[in-house]
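*Asks:* File input.cif follows (mmCIF, C-alpha atoms and all ligand atoms):
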```cif
data_upload
#
loop_
_atom_site.group_PDB
_atom_site.id
_atom_site.type_symbol
_atom_site.label_atom_id
_atom_site.label_comp_id
_atom_site.auth_asym_id
_atom_site.auth_seq_id
_atom_site.Cartn_x
_atom_site.Cartn_y
_atom_site.Cartn_z
ATOM 1 C CA MET A 90 -2.292 8.322 -22.800
ATOM 2 C CA LYS A 91 -3.595 6.422 -19.753
ATOM 3 C CA ILE A 92 -1.914 7.729 -16.625
ATOM 4 C CA ALA A 93 -2.180 6.759 -12.953
ATOM 5 C CA VAL A 94 -1.692 9.435 -10.316
ATOM 6 C CA LEU A 95 -1.304 7.883 -6.868
ATOM 7 C CA GLY A 96 -2.234 10.475 -4.257
ATOM 8 C CA THR A 97 -5.199 12.690 -3.464
ATOM 9 C CA GLY A 98 -3.315 15.596 -1.870
ATOM 10 C CA VAL A 99 -2.544 18.925 -3.496
ATOM 11 C CA VAL A 100 0.248 17.396 -5.609
ATOM 12 C CA GLY A 101 -1.844 14.509 -6.902
ATOM 13 C CA ARG A 102 -4.780 16.774 -7.699
ATOM 14 C CA THR A 103 -2.619 19.436 -9.368
ATOM 15 C CA ILE A 104 -0.725 16.939 -11.551
ATOM 16 C CA ALA A 105 -3.889 15.016 -12.390
ATOM 17 C CA THR A 106 -5.790 18.188 -13.330
ATOM 18 C CA LYS A 107 -2.989 19.296 -15.621
ATOM 19 C CA LEU A 108 -2.864 15.879 -17.315
ATOM 20 C CA VAL A 109 -6.631 15.825 -17.867
ATOM 21 C CA SER A 110 -6.454 19.341 -19.343
ATOM 22 C CA LEU A 111 -3.963 17.954 -21.871
ATOM 23 C CA GLY A 112 -6.461 15.268 -22.945
ATOM 24 C CA HIS A 113 -5.040 12.281 -21.052
ATOM 25 C CA GLU A 114 -7.121 9.636 -19.321
ATOM 26 C CA VAL A 115 -6.167 9.943 -15.672
ATOM 27 C CA THR A 116 -7.014 7.622 -12.795
ATOM 28 C CA MET A 117 -6.329 8.989 -9.320
ATOM 29 C CA GLY A 118 -5.431 6.325 -6.767
ATOM 30 C CA SER A 119 -5.998 6.253 -3.028
ATOM 31 C CA ARG A 120 -6.192 3.735 -0.199
ATOM 32 C CA SER A 121 -9.939 3.278 -0.623
ATOM 33 C CA ALA A 122 -11.945 3.301 -3.824
ATOM 34 C CA GLY A 123 -14.496 5.672 -2.284
ATOM 35 C CA ASN A 124 -12.007 8.363 -1.258
ATOM 36 C CA GLU A 125 -13.857 11.676 -0.934
ATOM 37 C CA LYS A 126 -11.115 13.914 -2.322
ATOM 38 C CA ALA A 127 -10.546 11.667 -5.327
ATOM 39 C CA SER A 128 -14.244 11.393 -5.973
ATOM 40 C CA ALA A 129 -14.702 15.194 -5.798
ATOM 41 C CA TRP A 130 -11.702 15.697 -8.073
ATOM 42 C CA ALA A 131 -13.038 13.276 -10.695
ATOM 43 C CA LYS A 132 -16.496 14.844 -10.578
ATOM 44 C CA GLN A 133 -15.100 18.347 -10.950
ATOM 45 C CA SER A 134 -12.655 17.373 -13.708
ATOM 46 C CA GLY A 135 -15.189 15.575 -15.908
ATOM 47 C CA LYS A 136 -14.189 13.703 -19.053
ATOM 48 C CA GLY A 137 -11.003 11.691 -18.722
ATOM 49 C CA ALA A 138 -10.899 11.800 -14.892
ATOM 50 C CA TYR A 139 -11.408 8.626 -12.863
ATOM 51 C CA HIS A 140 -10.650 7.401 -9.349
ATOM 52 C CA ARG A 141 -9.958 3.928 -8.005
ATOM 53 C CA ASP A 142 -7.942 2.322 -5.223
ATOM 54 C CA PHE A 143 -4.146 2.271 -5.604
ATOM 55 C CA ALA A 144 -4.138 -1.165 -7.287
ATOM 56 C CA ARG A 145 -6.807 -0.443 -9.887
ATOM 57 C CA ALA A 146 -5.305 2.974 -10.602
ATOM 58 C CA ALA A 147 -1.788 1.586 -11.076
ATOM 59 C CA GLU A 148 -3.143 -1.195 -13.261
ATOM 60 C CA SER A 149 -4.798 1.347 -15.558
ATOM 61 C CA GLY A 150 -1.759 3.587 -16.038
ATOM 62 C CA GLU A 151 0.831 3.277 -18.797
ATOM 63 C CA ILE A 152 2.913 5.516 -16.575
ATOM 64 C CA VAL A 153 2.447 6.165 -12.855
ATOM 65 C CA PHE A 154 3.014 9.289 -10.763
ATOM 66 C CA ALA A 155 3.768 8.695 -7.049
ATOM 67 C CA CYS A 156 2.332 11.702 -5.188
ATOM 68 C CA THR A 157 1.738 10.152 -1.779
ATOM 69 C CA ALA A 158 2.880 11.257 1.673
ATOM 70 C CA GLY A 159 6.526 10.194 1.669
ATOM 71 C CA LEU A 160 6.289 8.085 4.814
ATOM 72 C CA GLY A 161 3.458 6.153 3.143
ATOM 73 C CA THR A 162 4.861 5.908 -0.391
ATOM 74 C CA LEU A 163 6.314 2.395 -0.053
ATOM 75 C CA ASP A 164 3.060 1.161 1.500
ATOM 76 C CA ALA A 165 1.060 2.876 -1.237
ATOM 77 C CA LEU A 166 3.191 1.179 -3.891
ATOM 78 C CA ARG A 167 2.820 -2.189 -2.161
ATOM 79 C CA MET A 168 -0.943 -1.641 -2.241
ATOM 80 C CA ALA A 169 -0.640 -0.681 -5.918
ATOM 81 C CA GLY A 170 0.978 -4.072 -6.422
ATOM 82 C CA VAL A 171 4.185 -5.215 -8.040
ATOM 83 C CA LEU A 172 2.402 -6.726 -11.031
ATOM 84 C CA ASN A 173 0.523 -3.500 -11.761
ATOM 85 C CA LEU A 174 3.763 -1.494 -11.636
ATOM 86 C CA ARG A 175 6.123 -3.926 -13.343
ATOM 87 C CA SER A 176 8.191 -2.442 -16.210
ATOM 88 C CA LYS A 177 6.379 0.904 -15.966
ATOM 89 C CA VAL A 178 7.901 4.346 -15.565
ATOM 90 C CA LEU A 179 7.196 5.580 -12.030
ATOM 91 C CA ILE A 180 7.614 9.319 -11.568
ATOM 92 C CA ASP A 181 8.292 9.746 -7.849
ATOM 93 C CA ILE A 182 7.548 13.228 -6.525
ATOM 94 C CA SER A 183 7.291 12.309 -2.854
ATOM 95 C CA ASN A 184 9.470 13.427 0.047
ATOM 96 C CA ALA A 185 9.879 11.310 3.173
ATOM 97 C CA LEU A 186 9.316 14.112 5.673
ATOM 98 C CA ASP A 187 8.633 13.126 9.252
ATOM 99 C CA LEU A 188 6.511 15.822 10.911
ATOM 100 C CA SER A 189 5.760 13.814 14.037
ATOM 101 C CA ASN A 190 7.664 16.360 16.127
ATOM 102 C CA GLY A 191 6.266 19.364 14.264
ATOM 103 C CA PHE A 192 7.998 21.882 12.025
ATOM 104 C CA PRO A 193 10.654 21.723 10.741
ATOM 105 C CA PRO A 194 10.335 18.076 9.730
ATOM 106 C CA VAL A 195 13.206 15.598 9.634
ATOM 107 C CA LEU A 196 14.033 13.239 6.778
ATOM 108 C CA SER A 197 13.237 9.614 7.440
ATOM 109 C CA PHE A 198 16.339 8.596 5.443
ATOM 110 C CA ARG A 199 19.941 9.260 6.441
ATOM 111 C CA GLY A 200 22.394 10.844 4.013
ATOM 112 C CA ASP A 201 23.412 7.445 2.640
ATOM 113 C CA ASP A 202 19.953 6.511 1.362
ATOM 114 C CA SER A 203 16.799 8.038 -0.083
ATOM 115 C CA LEU A 204 13.162 7.276 -0.726
ATOM 116 C CA GLY A 205 13.892 7.043 -4.458
ATOM 117 C CA GLU A 206 16.475 4.321 -3.835
ATOM 118 C CA SER A 207 14.248 2.479 -1.409
ATOM 119 C CA ILE A 208 11.506 2.356 -4.056
ATOM 120 C CA ARG A 209 13.988 0.957 -6.559
ATOM 121 C CA ARG A 210 15.167 -1.683 -4.052
ATOM 122 C CA ALA A 211 11.602 -2.710 -3.240
ATOM 123 C CA PHE A 212 10.472 -2.692 -6.901
ATOM 124 C CA PRO A 213 13.553 -3.522 -8.996
ATOM 125 C CA GLU A 214 11.503 -3.973 -12.178
ATOM 126 C CA VAL A 215 9.952 -0.506 -11.941
ATOM 127 C CA LYS A 216 11.667 2.349 -13.789
ATOM 128 C CA VAL A 217 11.828 4.918 -11.003
ATOM 129 C CA VAL A 218 12.539 8.525 -11.905
ATOM 130 C CA LYS A 219 12.673 11.052 -9.092
ATOM 131 C CA THR A 220 11.739 14.586 -10.069
ATOM 132 C CA LEU A 221 9.734 17.727 -9.207
ATOM 133 C CA ASN A 222 10.042 17.051 -5.460
ATOM 134 C CA THR A 223 12.041 20.307 -5.121
ATOM 135 C CA VAL A 224 9.221 22.687 -6.104
ATOM 136 C CA ASN A 225 5.715 23.503 -4.999
ATOM 137 C CA ALA A 226 2.773 21.669 -6.614
ATOM 138 C CA GLU A 227 1.630 24.641 -8.708
ATOM 139 C CA VAL A 228 5.152 25.290 -9.955
ATOM 140 C CA MET A 229 5.488 21.610 -10.980
ATOM 141 C CA VAL A 230 2.914 22.047 -13.749
ATOM 142 C CA SER A 231 3.317 25.812 -14.315
ATOM 143 C CA PRO A 232 7.027 26.604 -14.017
ATOM 144 C CA ALA A 233 6.379 30.048 -15.559
ATOM 145 C CA ARG A 234 4.856 31.081 -12.200
ATOM 146 C CA VAL A 235 8.491 31.650 -11.214
ATOM 147 C CA PRO A 236 10.048 34.378 -13.371
ATOM 148 C CA GLY A 237 13.334 33.843 -15.204
ATOM 149 C CA ASP A 238 15.388 30.708 -15.703
ATOM 150 C CA HIS A 239 15.199 28.026 -13.034
ATOM 151 C CA ASP A 240 15.856 24.308 -12.889
ATOM 152 C CA ALA A 241 14.179 21.001 -12.193
ATOM 153 C CA PHE A 242 16.183 17.838 -11.552
ATOM 154 C CA VAL A 243 15.823 14.205 -12.597
ATOM 155 C CA SER A 244 17.389 11.127 -10.984
ATOM 156 C CA GLY A 245 17.084 7.552 -12.191
ATOM 157 C CA ASN A 246 18.899 4.485 -13.481
ATOM 158 C CA ASP A 247 16.906 3.809 -16.638
ATOM 159 C CA ILE A 248 18.125 6.124 -19.409
ATOM 160 C CA GLY A 249 15.034 5.607 -21.578
ATOM 161 C CA ALA A 250 12.681 6.299 -18.673
ATOM 162 C CA LYS A 251 14.552 9.490 -17.806
ATOM 163 C CA ALA A 252 14.368 10.635 -21.444
ATOM 164 C CA GLN A 253 10.608 10.038 -21.432
ATOM 165 C CA VAL A 254 10.174 11.943 -18.165
ATOM 166 C CA ILE A 255 12.287 14.833 -19.443
ATOM 167 C CA ARG A 256 10.028 14.997 -22.537
ATOM 168 C CA ILE A 257 6.929 14.989 -20.313
ATOM 169 C CA LEU A 258 8.268 17.777 -18.111
ATOM 170 C CA HIS A 259 9.286 19.804 -21.148
ATOM 171 C CA GLU A 260 6.371 19.262 -23.530
ATOM 172 C CA TRP A 261 3.457 18.820 -21.125
ATOM 173 C CA PHE A 262 4.445 20.923 -18.112
ATOM 174 C CA GLY A 263 6.599 23.588 -19.815
ATOM 175 C CA TRP A 264 9.928 23.039 -18.064
ATOM 176 C CA LYS A 265 12.772 24.652 -20.026
ATOM 177 C CA ASN A 266 15.711 23.791 -17.796
ATOM 178 C CA LEU A 267 16.135 20.200 -16.673
ATOM 179 C CA ILE A 268 19.267 18.803 -15.088
ATOM 180 C CA ASP A 269 19.875 15.044 -15.251
ATOM 181 C CA LEU A 270 21.739 14.426 -11.991
ATOM 182 C CA GLY A 271 22.521 10.771 -12.703
ATOM 183 C CA ASP A 272 21.346 7.537 -11.147
ATOM 184 C CA ILE A 273 18.755 7.192 -8.401
ATOM 185 C CA THR A 274 21.328 7.688 -5.625
ATOM 186 C CA THR A 275 21.335 11.375 -6.625
ATOM 187 C CA ALA A 276 17.830 11.581 -5.156
ATOM 188 C CA ARG A 277 19.645 11.846 -1.801
ATOM 189 C CA GLY A 278 20.544 15.393 -2.773
ATOM 190 C CA THR A 279 17.146 16.565 -3.999
ATOM 191 C CA GLU A 280 15.311 14.922 -1.103
ATOM 192 C CA ALA A 281 17.626 16.557 1.446
ATOM 193 C CA TYR A 282 17.314 19.914 -0.367
ATOM 194 C CA VAL A 283 13.648 19.963 0.606
ATOM 195 C CA LEU A 284 14.632 20.833 4.190
ATOM 196 C CA PHE A 285 16.307 23.967 2.825
ATOM 197 C CA TRP A 286 13.290 24.621 0.545
ATOM 198 C CA LEU A 287 11.056 24.676 3.623
ATOM 199 C CA GLN A 288 13.300 27.218 5.350
ATOM 200 C CA LEU A 289 13.290 29.368 2.202
ATOM 201 C CA MET A 290 9.497 29.197 2.094
ATOM 202 C CA ARG A 291 9.333 30.463 5.665
ATOM 203 C CA GLY A 292 11.769 33.269 4.964
ATOM 204 C CA LEU A 293 10.350 34.317 1.577
ATOM 205 C CA LYS A 294 6.708 33.836 2.644
ATOM 206 C CA THR A 295 5.797 32.342 -0.736
ATOM 207 C CA THR A 296 5.896 28.959 -2.424
ATOM 208 C CA ASP A 297 6.403 30.400 -5.924
ATOM 209 C CA PHE A 298 10.181 30.204 -6.021
ATOM 210 C CA ASN A 299 12.909 27.905 -7.293
ATOM 211 C CA VAL A 300 16.663 27.739 -7.781
ATOM 212 C CA GLN A 301 18.684 28.464 -10.883
ATOM 213 C CA VAL A 302 22.001 26.720 -11.449
ATOM 214 C CA PRO A 303 24.029 28.980 -13.755
ATOM 215 C CA LYS A 304 26.096 26.955 -16.244
ATOM 216 C CA GLN A 305 28.765 27.822 -18.791
HETATM 217 N N1 LIG B 401 2.729 19.975 -1.394
HETATM 218 C C1 LIG B 401 3.677 20.294 -2.255
HETATM 219 O O1 LIG B 401 3.628 21.355 -2.908
HETATM 220 C C2 LIG B 401 4.815 19.337 -2.475
HETATM 221 C C3 LIG B 401 5.952 19.757 -3.192
HETATM 222 C C4 LIG B 401 6.980 18.840 -3.457
HETATM 223 C C5 LIG B 401 6.847 17.523 -3.026
HETATM 224 N N2 LIG B 401 5.745 17.167 -2.298
HETATM 225 C C6 LIG B 401 5.596 15.769 -1.878
HETATM 226 O O2 LIG B 401 4.528 15.211 -2.626
HETATM 227 C C7 LIG B 401 3.844 14.224 -1.846
HETATM 228 C C8 LIG B 401 2.364 14.549 -1.825
HETATM 229 O O3 LIG B 401 2.168 15.718 -1.081
HETATM 230 P P1 LIG B 401 0.671 16.304 -0.856
HETATM 231 O O4 LIG B 401 0.825 17.488 -0.008
HETATM 232 O O5 LIG B 401 -0.033 16.391 -2.153
HETATM 233 O O6 LIG B 401 -0.119 15.134 -0.113
HETATM 234 P P2 LIG B 401 0.112 14.350 1.265
HETATM 235 O O7 LIG B 401 -0.905 14.821 2.224
HETATM 236 O O8 LIG B 401 1.540 14.404 1.670
HETATM 237 O O9 LIG B 401 -0.246 12.855 0.796
HETATM 238 C C9 LIG B 401 -1.558 12.503 0.530
HETATM 239 C C10 LIG B 401 -1.616 11.117 -0.077
HETATM 240 O O10 LIG B 401 -0.794 10.181 0.621
HETATM 241 C C11 LIG B 401 -1.542 9.000 0.901
HETATM 242 N N3 LIG B 401 -1.076 8.424 2.159
HETATM 243 C C12 LIG B 401 -0.884 9.062 3.344
HETATM 244 N N4 LIG B 401 -0.441 8.198 4.283
HETATM 245 C C13 LIG B 401 -0.349 6.993 3.669
HETATM 246 C C14 LIG B 401 0.054 5.700 4.093
HETATM 247 N N5 LIG B 401 0.451 5.472 5.357
HETATM 248 N N6 LIG B 401 0.025 4.704 3.211
HETATM 249 C C15 LIG B 401 -0.373 4.907 1.932
HETATM 250 N N7 LIG B 401 -0.759 6.114 1.463
HETATM 251 C C16 LIG B 401 -0.747 7.138 2.319
HETATM 252 C C17 LIG B 401 -2.978 9.483 1.021
HETATM 253 O O11 LIG B 401 -3.833 8.397 0.758
HETATM 254 P P3 LIG B 401 -5.439 8.535 0.827
HETATM 255 O O12 LIG B 401 -5.790 9.279 -0.439
HETATM 256 O O13 LIG B 401 -5.920 7.169 0.834
HETATM 257 O O14 LIG B 401 -5.730 9.329 2.068
HETATM 258 C C18 LIG B 401 -3.039 10.573 -0.037
HETATM 259 O O15 LIG B 401 -3.376 10.029 -1.282
HETATM 260 C C19 LIG B 401 4.512 14.236 -0.472
HETATM 261 O O16 LIG B 401 5.434 13.194 -0.405
HETATM 262 C C20 LIG B 401 5.214 15.585 -0.424
HETATM 263 O O17 LIG B 401 6.341 15.570 0.416
HETATM 264 C C21 LIG B 401 4.745 18.032 -2.010
#
```
Go ahead and render the structure in this file as structure tokens.

*Replies:*
Amino acid sequence: MKIAVLGTGVVGRTIATKLVSLGHEVTMGSRSAGNEKASAWAKQSGKGAYHRDFARAAESGEIVFACTAGLGTLDALRMAGVLNLRSKVLIDISNALDLSNGFPPVLSFRGDDSLGESIRRAFPEVKVVKTLNTVNAEVMVSPARVPGDHDAFVSGNDIGAKAQVIRILHEWFGWKNLIDLGDITTARGTEAYVLFWLQLMRGLKTTDFNVQVPKQ
């Protein structure tokens, strides 16, 4: 499958590397076509790994992962272009964390909104599914790094898109436990949870952890 991964940070590179290892054709997107990190990633990853600017990457992908700094995600998607994103499944992993006053960050959305919803408002024809933003990059593609049962969450309005993303998380990334929270407004919860995740990381001194939601 042809997949666009927007973002050259640790999340973009980790997701893109996993997808290439599964035999997909992956184009990493960034603000400039000559981005050093993207270029190094493509060189190191070899066959099936490409890099372009956000627009050319989004154009090439049958599905698109949004792995950009949360405060820049809407700008990145505008650069990707509405026509290149139209009708596609967009897997949004980003968190709108404002670190301008240092750690801990604050959310740039209040409790009555979220980045996931703002993407949907700005790009109503894109099938936005919010997921994986509640775990570390390595855990996203290797959930077995965390022992025992633990959960990932999906939020989105398009039922078919969510089903496709759940299949991807299960079959490609190895997630066993996935909770469909409901429509995109439920991203408010997972985005706000990240503040707690950061405090846990400080306390536990590791990023290889996650939550389990015991169910009957
Ligand atoms: N790190 C984790 O383990 C983790 C876990 C869960 C969720 N997340 C979320 O995943 C996202 C990616 O995190 P990360 O640590 O991999 O990378 P990051 O440093 O947060 O983001 C890097 C990417 O964001 C783009 N970017 C930055 N500012 C931008 C702007 N103003 N406009 C457009 N694009 C902009 C950069 O573009 P260029 O390539 O052009 O520089 C780069 O591709 C974040 O939203 C983060 O909160 C991270």

*Asks:* Can you work out the spacing between atom CA of A:Leu111 and atom CA of A:Thr157 in Å, to one decimal?

*Replies:* 22.3 Å

*Asks:* Give the residue list for ligand LIG 401 (chain B) at 7 Å, counting only C-alpha atoms and all ligand atoms, as a VMD selection string, sorted by chain and then by residue number.

*Replies:* chain A and resid 95 to 101 118 to 121 124 156 to 162 164 to 165 182 to 186 221 to 227

*Asks:* Rounded to one decimal place, report the atom CA of A:Asn299-atom CA of A:Thr220 distance in Å.

*Replies:* 13.7 Å

*Asks:* Between atom CA of A:Glu148 and atom CA of A:Ala169, what is the spacing in Å?

*Replies:* 7.8 Å

*Asks:* Go through the shown structure with the PyMOL selection byres (((chain A and resi 147) around 8) and not hetatm) and write out the matching residues as an NGL selection string.

*Replies:* :A and (93-95 or 118 or 143-146 or 148-150 or 153 or 169-170 or 173-174)

*Asks:* I need the output of the PyMOL selection byres (((chain A and resi 204) around 10) and not hetatm) for this file as a list of chain:residue names; which residues are they?

*Replies:*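 Selection result, ordered by chain and number: A:Gly159, A:Leu160, A:Thr162, A:Leu163, A:Asp181, A:Ser183, A:Asn184, A:Ala185, A:Leu196, A:Ser197, A:Phe198, A:Asp202, A:Ser203, A:Gly205, A:Glu206, A:Ser207, A:Ile208, A:Arg209, A:Arg210, A:Lys219, A:Ile273, A:Thr274, A:Ala276, A:Arg277, A:Glu280.
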
*Asks:* Could you pull the residues within 12 Å of A:Met290, counting all atoms listed in the file, minus those fewer than 4 positions along the same chain, as a list in words?

*Replies:*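 With the cut-off at 12 Å, the set is Pro193, Thr223, Val224, Asn225, Val283, Leu284, Phe285, Trp286, Lys294, Thr295, Thr296, Asp297, Phe298 and Asn299 of chain A.
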
*Asks:* Assuming the chain letters and numbering stay as they are in my file, what does the PyMOL selection byres (((chain A and resi 90) around 12) and not hetatm) actually select? List them as a ChimeraX atom specification.

*Replies:* /A:91-93,108-109,111-116,137,149-153,257

*Asks:* Under the rule that all atoms listed in the file are counted, which of A:Gly263, A:Pro303, A:Gly249, A:Gly200 is the nearest residue to A:Val230?

*Replies:*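 Comparing A:Gly263, A:Pro303, A:Gly249, A:Gly200 against A:Val230, the winner is A:Gly263.
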
*Asks:* For A:Ile180, please output as a list in words all residues within 6 Å (counting all atoms listed in the file; exclusion window: fewer than 5 positions along the same chain).

*Replies:*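 Counting all atoms listed in the file, the residues come to Phe154, Ala155, Val218 and Lys219 of chain A.
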
*Asks:* Using all atoms listed in the file, can you tell me which of A:Ser176, A:Thr279, A:Gln253, A:Gln301 comes closest to A:Gly237?

*Replies:*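 Residue with the minimum atom-to-atom distance to A:Gly237: A:Gln301.
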